[in-house]
Amino acid sequence: MTPRVKICGLTTPEAVEAAAEADFAGFIFYPPSPRNLTPAKAAELAKAMRPAPVAVVVDANDELLQELKGTLKPAYFQLHGNETPARVQEIKNKFGIPVIKAIRVASGDDAAKTNAYEDYTDMLLFDARPPKGLPGGNGLAFDWRILAHRSFTLPWFLSGGLTASNVEEAMRISGAKMVDVSSSLESSPGIKDPALVREFIQKIRAIH
């Protein structure tokens, strides 16, 4: 599988333009995050975008999901909260949009939790379990060896603390073929540095 990359937490036209060669582009709808957007703002940014738009939500209610479906028209919902397998299934059935379920990892036991979700989601995303604060986008890495030699029935992203300088090693150790990156590409909280975005994408494209 050719490595694929998701640039998450886009908030400006410059960042969207820089992410044009990514495979996925994430927009965050979670007010505590410095990357939070309104559905209308995200739809405007994504209007002429090539990468598949991903709506990242945290324990979202149906009202927000319906608004996102009507405005952003995401290719995926990324569920980054404490959504249960039953809630994931409900969202898929109700909105008809594929789902990426984020799993917060600090140990092998966390990685094993994917078993409960595999029948209800389309892709998985492994992110570091934060000690406190935001559920994602903290720039924290976890021990990539936790995922090494594990088999998952679904495609999955590696996330958390990835940079252009460590992503190749992270993919080699974990076995990841898809990566997700956000805070390490920022010049200030919530603002992507276009040069860093392009550099990261070029790094992934050079990995075979």
# chains A, B, ... in the order shown; residues from 1 in each chain; ligands from 1
>>> residues_around(residues="Trp156 in chain A", least_positions_apart="4", cutoff="10 Å", atoms="only C-alpha atoms", output="ChimeraX atom specification")
/A:100-102,122-126,152,176-180
>>> write_last_selection(atoms="C-alpha atoms", output="mmCIF file, in the first residue's frame")
data_model
loop_
_atom_site.group_PDB
_atom_site.id
_atom_site.type_symbol
_atom_site.label_atom_id
_atom_site.label_comp_id
_atom_site.auth_asym_id
_atom_site.auth_seq_id
_atom_site.Cartn_x
_atom_site.Cartn_y
_atom_site.Cartn_z
ATOM 1 C CA ILE A 100 -12.868 6.841 11.252
ATOM 2 C CA LYS A 101 -12.762 5.923 14.954
ATOM 3 C CA ALA A 102 -9.874 7.325 16.980
ATOM 4 C CA ASP A 122 -14.427 1.959 8.288
ATOM 5 C CA MET A 123 -10.978 3.027 9.454
ATOM 6 C CA LEU A 124 -9.108 3.376 12.730
ATOM 7 C CA LEU A 125 -6.766 6.077 14.001
ATOM 8 C CA PHE A 126 -4.311 5.500 16.836
ATOM 9 C CA PHE A 152 -6.033 -5.123 12.191
ATOM 10 C CA ALA A 176 1.696 2.169 9.646
ATOM 11 C CA LYS A 177 0.856 2.897 6.017
ATOM 12 C CA MET A 178 -1.265 5.971 6.793
ATOM 13 C CA VAL A 179 -0.342 8.891 9.028
ATOM 14 C CA ASP A 180 -2.188 11.851 10.514
#
>>> atom_distance(atom1="CA of Pro98 in chain A", atom2="CA of Asn61 in chain A")
16.6 Å
>>> closest_residue(among="A:Leu45, A:Ala52, A:Ala22, A:Leu140", to="Pro74 in chain A", atoms="only C-alpha atoms")
A:Ala52
>>> residues_around(residues="Ser187 in chain A", least_positions_apart="6", cutoff="12 Å", atoms="only C-alpha atoms", output="VMD selection string")
chain A and resid 15 193 to 197
>>> closest_residue(among="A:Ala42, A:Ala164, A:Leu147, A:Val57", to="Arg198 in chain A", atoms="only C-alpha atoms")
A:Ala164
